[in-house]
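**Q** Take a look at this one; I'll ask things after.
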Amino acid sequence: MTTSKPQTSKSQRKSERKSVHRFQQKILGIRTWYSVHTEDYDDGSWRPLKRVVVVVVVFAVLMGLFMGVSRATSIDWTNGPRDQTISSTGSDTSITFGMRDAAQSSSDASAQEGQGAQSSQQSLPRRGTYAVKEIHDTIDIVQDGTGEVQKDNVILRIPENPENVGEKGTSISSESISDSQELSSQPSSSSGSASPTSSSSTSSSSTSSSSASASQPHSGMPAAIFVHGAGTGNADDSFNDVAADLASAGFATLVMDKPRWKTWDATRDYPSSAKAYLKGVQYLRDLSYVNDEKVGIFTTSEGTWISPYMVREDKHIAFEVMMSPMVFSPRHSLAFSVAQIFAIVGANQGYQNFVQRIFSLDLGMFGITNIDFESQIPQGYNVPILVAYGAKDVLTAQVSGAQRILELAHSVGNWDVTVRTYPIGNHVLRLGDQTQAKTLYVDHYEYDFVDWAVGVTRDEYASGALVQTSSKISGADVQQPIAVPQFLESHRGLTIYFVLLHAFMLLWILVTLILGLYALGRKLYLRRLAKKTGEPVRHVFGFQGRYQRTLLRLVFVTLLALLIFVAGVGQLIWRVVNLIWGAAPPEPGVTYWSWYAIQAVCVLVVFTWAFMAAAALESLSVRLARAHAVGDPSTLAQRKKMPPLLATERCGIVFFNVAIEMMFSVLLVFAYWGLFIY
């Protein structure tokens with residue numbers, strides 16, 4: 001069966017042709033109207049419509065350029081999974097131990113109330129059991145590669161009356177604990193440290209390790225070395241309270257000066273530091289009254305990047321207390337910390353996006369080679385571990401950190417990991433603002449970690465006869481708002497662009513200010529000269545039309561935007577520091593609204609640039625029209641008849657070009673930081 005195509009009538013075809021013709025006539029009319037209204041006047045000046053069109057085109061091109069830079073320098077940011085939580089089995093953080101048979105028969109009994117009280121099934125030494133004395137000494141530690149030697153001060157703390165220290169592997173009667181022997185800690189403001197003051201503690205000094213062993217305490221004493229967090233960390237102002245706490249329970253504790261050599265915070269030598277601390281471990285083992293197999297580690301914050309190397313290298317480390325462990329690499333840990341803090345202090349989302357740009361820089365170009373230090377070593381988690389976090393800690397990823405520690409430990413067959421979270425503890429598990437002196441540790445933390453260390457160093461625990469009767473995970477429920485940004489990595493090209501861009505911006509700002517001061521001085525000089533000679537005052541810049549007024553306003557607004565930007569970043573940094581030290585976050589203020597203000601100023605500056613560009617092009621059009629009127633401008637006389645394009649003075653021409661370069665570089669910097677992402 002065949003079908004015939006519908007026939008189009010002549011009237012329909014005629015109507016279509018008329019419609020097309022009318023449309024073509026309209027287009028032709030618009031083109032004619034546009035040509036008439038954009039045609040230059042006889043003197044080369046532009047009609048209003050042409051000015052508007054040129055301004056819009058230039059504005060669109062510039063905005064497209066800056067928005068493209070903002071997009072090109074942005075790094076994809078994945079915050080998920082969000083709002084992760086550690087749900088503990090209870091709020092009681094006390095750590096108790098009991099003999100296996102007794103623990104099984106009383107598994108339904110609740111732990112005793114009080115300051116981390118030990119289970120009645122097994123009486124063990126506790127914080128405050130013994131008075132403590134100090135012995136001061138020095139050791140030499142060497143940095144690998146450089147061979148540089150640092151003479152390190154060390155403080156050894158041991159029980160004052162060694163004859164009261166129990167035999168290795170025996171239990172201590174609870175009757176030996178008296179209230180008069182309990183320590184009262186008085187912490188200092190140093191990170192992870194404080195100075196104990198106790199009526200039962202005495203201090204003595206020595207200059208050699210042989211003097212340290214002269215008292216001859218009983219054989220078999222457990223021991224611990226303390227590994228510093230960030231900062232300088234000297235032996236005399238670090239860990240004073242917690243080292244005394246552990247010593248008062250029958251331990252020998254050693255606090256060293258932090259291994260620094262010629263490094264600073266960003267260039268710490270973590271592998272060499274691990275070896276330096278292991279020398280401290282050997283110092284403890286060389287003491288005749290210390291059990292070689294019962295030396296453990298107390299580490300905090302940055303020190304938790306070092307301690308896994310110690311455990312991996314020394315197979316006889318007995319235990320590890322990890323206070324506020326960072327766990328992840330410095331790049332990822334610090335990026336998480338900064339992102340979380342920016343959100344807490346109420347920084348604008350634009351400022352929060354700084355994090356991925358900053359932590360995607362190739363810091364190895366500046367000698368900071370440990371930013372990608374590999375800290376997640378499974379073999380470094382093959383000992384009994386106590387993890388302690390504070391819910392107020394803004395520097396650590398507590399949920400991801402605890403999960404990762406468990407994963408690393410389980411990967412090497414270690415299931416002996418205890419986690420404690422304290423509801424109001426900051427990064428060093430203290431109360432309140434760390435800038436204030438005498439801040440105390442939270443809740444019963446000092447009892448908890450001492451009770452745990454005492455329990456895991458008993459011979460009965462190693463044999464399985466003594467078991468931990470308290471929960472492995474307890475304390476406050478902890479939330480983590482964002483994930484650790486483990487996708488971040490260094491970008492060398494972006495880093496080179498970052499350095500060159502900011503260097504050129506500073507250079508052009510400096511040159512602009514110097515030229516501005518020169519112009520001001522020259523203007524004052526020409527005024528004085530004019531008064532003497534009676535001649536008219538010469539112009540310094542000699543800008544044509546409104547160039548001078550527009551340019552100076554543009555420079556002022558651009559630099560004002562830069563100052564607002566710096567003020568916003570400065571206030572943000574100040575609030576970050578205060579929050580890290582435990583202060584409550586104030587209202588957002590400049591850190592929030594300044595972002596929108598700078599974005600508005602950027603649009604205004606670009607729009608003004610478009611007007612200036614249009615004015616310059618129009619001036620060029622007038623100049624060309626004048627040249628055409630006077631004929632071939634090949635002679636000097638004919639060129640003098642032509643108006644200058646920008647300025648009559650060379651100083652004005654130079655200042656104009658320098659100012660444009662300066663403002664362009666400032667806007668490129670703004671674009672780098674994402675201010676042109678709307």
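Chain identifiers are assigned as A, B, and so on, following the order in which chains appear in the structure tokens; residues are numbered from 1 within each chain, and ligands are numbered from 1 in order of appearance.
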Using only C-alpha atoms, find each residue in stretch 371-437 of chain A having at least one atom no more than 9 Å away from stretch 73-87 of chain A; report its shortest atom-to-atom pair and that distance in Å (one decimal), rows by chain then rising number, as a tab-separated table.
**A**
```
residue	atom	partner	partner_atom	distance
A:Gln398	CA	A:Ile86	CA	8.3
A:Val399	CA	A:Ile86	CA	5.9
A:Ser400	CA	A:Gln84	CA	8.1
A:Ala402	CA	A:Ile86	CA	8.6
```
**Q** What's around stretch 455-461 of chain A at 7 Å? Count only C-alpha atoms, leave out sequence neighbours fewer than 5 positions away in its own chain, and write the answer as a list in words.
**A**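 Here the qualifying residues turn out to be Phe97, Gly169, Pro222, Lys294, Leu466 and Val467 of chain A.
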**Q** Can you tell me which residues surround A:Ala614 at a distance of at most 7 Å, considering only C-alpha atoms, apart from same-chain residues fewer than 5 positions away, and format the answer as a list in words?
**A**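 The contact residues come out as Arg51, Val54 and Val55 of chain A.
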**Q** Please run DSSP on the backbone and report, as a PDB file with C-alpha atoms, in the first residue's frame, all residues within stretch 287-435 of chain A that come out as helix (DSSP H, G or I).
**A**
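Everything below was put into out-v2.pdb:
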```
ATOM      1  CA  SER A 301      49.535  14.574  69.879  1.00  0.00           C
ATOM      2  CA  GLU A 302      52.481  14.963  67.466  1.00  0.00           C
ATOM      3  CA  GLY A 303      54.344  12.317  69.436  1.00  0.00           C
ATOM      4  CA  THR A 304      51.901   9.699  68.173  1.00  0.00           C
ATOM      5  CA  TRP A 305      53.561  10.044  64.759  1.00  0.00           C
ATOM      6  CA  SER A 307      55.769   6.224  68.787  1.00  0.00           C
ATOM      7  CA  PRO A 308      54.760   3.671  66.090  1.00  0.00           C
ATOM      8  CA  TYR A 309      58.355   3.739  64.826  1.00  0.00           C
ATOM      9  CA  MET A 310      59.581   3.115  68.363  1.00  0.00           C
ATOM     10  CA  VAL A 311      57.289   0.111  68.775  1.00  0.00           C
ATOM     11  CA  ARG A 312      58.272  -1.251  65.367  1.00  0.00           C
ATOM     12  CA  GLU A 313      62.001  -0.928  66.067  1.00  0.00           C
ATOM     13  CA  PRO A 330      50.502  15.496  59.031  1.00  0.00           C
ATOM     14  CA  ARG A 331      48.918  16.742  55.788  1.00  0.00           C
ATOM     15  CA  HIS A 332      45.624  14.945  56.388  1.00  0.00           C
ATOM     16  CA  SER A 333      45.525  15.460  60.152  1.00  0.00           C
ATOM     17  CA  LEU A 334      46.219  19.185  59.949  1.00  0.00           C
ATOM     18  CA  ALA A 335      43.819  19.681  57.033  1.00  0.00           C
ATOM     19  CA  PHE A 336      41.067  18.036  59.053  1.00  0.00           C
ATOM     20  CA  SER A 337      41.894  20.126  62.119  1.00  0.00           C
ATOM     21  CA  VAL A 338      41.857  23.424  60.240  1.00  0.00           C
ATOM     22  CA  ALA A 339      38.657  22.587  58.344  1.00  0.00           C
ATOM     23  CA  GLN A 340      36.885  21.609  61.539  1.00  0.00           C
ATOM     24  CA  ILE A 341      38.084  24.689  63.417  1.00  0.00           C
ATOM     25  CA  PHE A 342      37.095  27.048  60.584  1.00  0.00           C
ATOM     26  CA  ALA A 343      33.568  25.665  60.767  1.00  0.00           C
ATOM     27  CA  ILE A 344      33.428  25.959  64.566  1.00  0.00           C
ATOM     28  CA  GLN A 349      32.391  28.874  53.559  1.00  0.00           C
ATOM     29  CA  GLY A 350      34.729  30.760  51.249  1.00  0.00           C
ATOM     30  CA  TYR A 351      37.401  30.898  53.945  1.00  0.00           C
ATOM     31  CA  GLN A 352      36.742  27.239  54.757  1.00  0.00           C
ATOM     32  CA  PHE A 354      41.140  27.700  51.849  1.00  0.00           C
ATOM     33  CA  VAL A 355      41.945  24.363  53.460  1.00  0.00           C
ATOM     34  CA  GLN A 356      42.145  22.286  50.290  1.00  0.00           C
ATOM     35  CA  ARG A 357      44.258  24.931  48.543  1.00  0.00           C
ATOM     36  CA  ILE A 358      46.713  25.292  51.432  1.00  0.00           C
ATOM     37  CA  LEU A 363      55.598  21.935  50.834  1.00  0.00           C
ATOM     38  CA  GLY A 364      58.639  19.826  50.011  1.00  0.00           C
ATOM     39  CA  MET A 365      59.699  22.707  47.748  1.00  0.00           C
ATOM     40  CA  PHE A 366      60.182  24.768  50.923  1.00  0.00           C
ATOM     41  CA  THR A 369      59.446  17.149  53.820  1.00  0.00           C
ATOM     42  CA  ASN A 370      57.540  15.503  56.663  1.00  0.00           C
ATOM     43  CA  ILE A 371      54.087  16.773  55.649  1.00  0.00           C
ATOM     44  CA  ASP A 372      53.417  13.358  54.068  1.00  0.00           C
ATOM     45  CA  PRO A 378      50.670  -1.651  61.580  1.00  0.00           C
ATOM     46  CA  GLN A 379      53.755  -3.030  63.352  1.00  0.00           C
ATOM     47  CA  GLY A 380      53.721   0.095  65.531  1.00  0.00           C
ATOM     48  CA  TYR A 381      50.404  -0.905  67.095  1.00  0.00           C
ATOM     49  CA  GLN A 398      38.486  11.172  67.209  1.00  0.00           C
ATOM     50  CA  VAL A 399      36.058   8.805  65.489  1.00  0.00           C
ATOM     51  CA  SER A 400      38.245   8.141  62.438  1.00  0.00           C
ATOM     52  CA  GLY A 401      41.353   8.058  64.633  1.00  0.00           C
ATOM     53  CA  ALA A 402      39.991   5.463  67.049  1.00  0.00           C
ATOM     54  CA  GLN A 403      38.670   3.350  64.180  1.00  0.00           C
ATOM     55  CA  ARG A 404      42.008   3.485  62.374  1.00  0.00           C
ATOM     56  CA  ILE A 405      43.957   2.550  65.506  1.00  0.00           C
ATOM     57  CA  LEU A 406      41.692  -0.468  65.991  1.00  0.00           C
ATOM     58  CA  GLU A 407      42.146  -1.449  62.329  1.00  0.00           C
ATOM     59  CA  LEU A 408      45.936  -1.179  62.520  1.00  0.00           C
ATOM     60  CA  ALA A 409      46.096  -3.102  65.791  1.00  0.00           C
ATOM     61  CA  HIS A 410      43.744  -5.826  64.584  1.00  0.00           C
ATOM     62  CA  SER A 411      45.742  -6.206  61.360  1.00  0.00           C
TER      63      SER A 411
END
```
**Q** Just how far from atom CA of A:Gln599 is atom CA of A:Ile564, in Å to one decimal?
**A** 10.9 Å
**Q** Go through A:Ala388, A:Ala462, A:Leu429, A:Leu624 and flag the residue nearest A:Thr93, using only C-alpha atoms for the distances.
**A**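 Looking only at the distances to A:Thr93, the closest residue turns out to be A:Ala388.
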**Q** Could you list, as a ChimeraX atom specification, every residue within 12 Å of A:Phe611, counting only C-alpha atoms and ignoring same-chain residues fewer than 2 positions away?
**A** /A:50-59,62,546-547,550-551,554,604-609,613-618
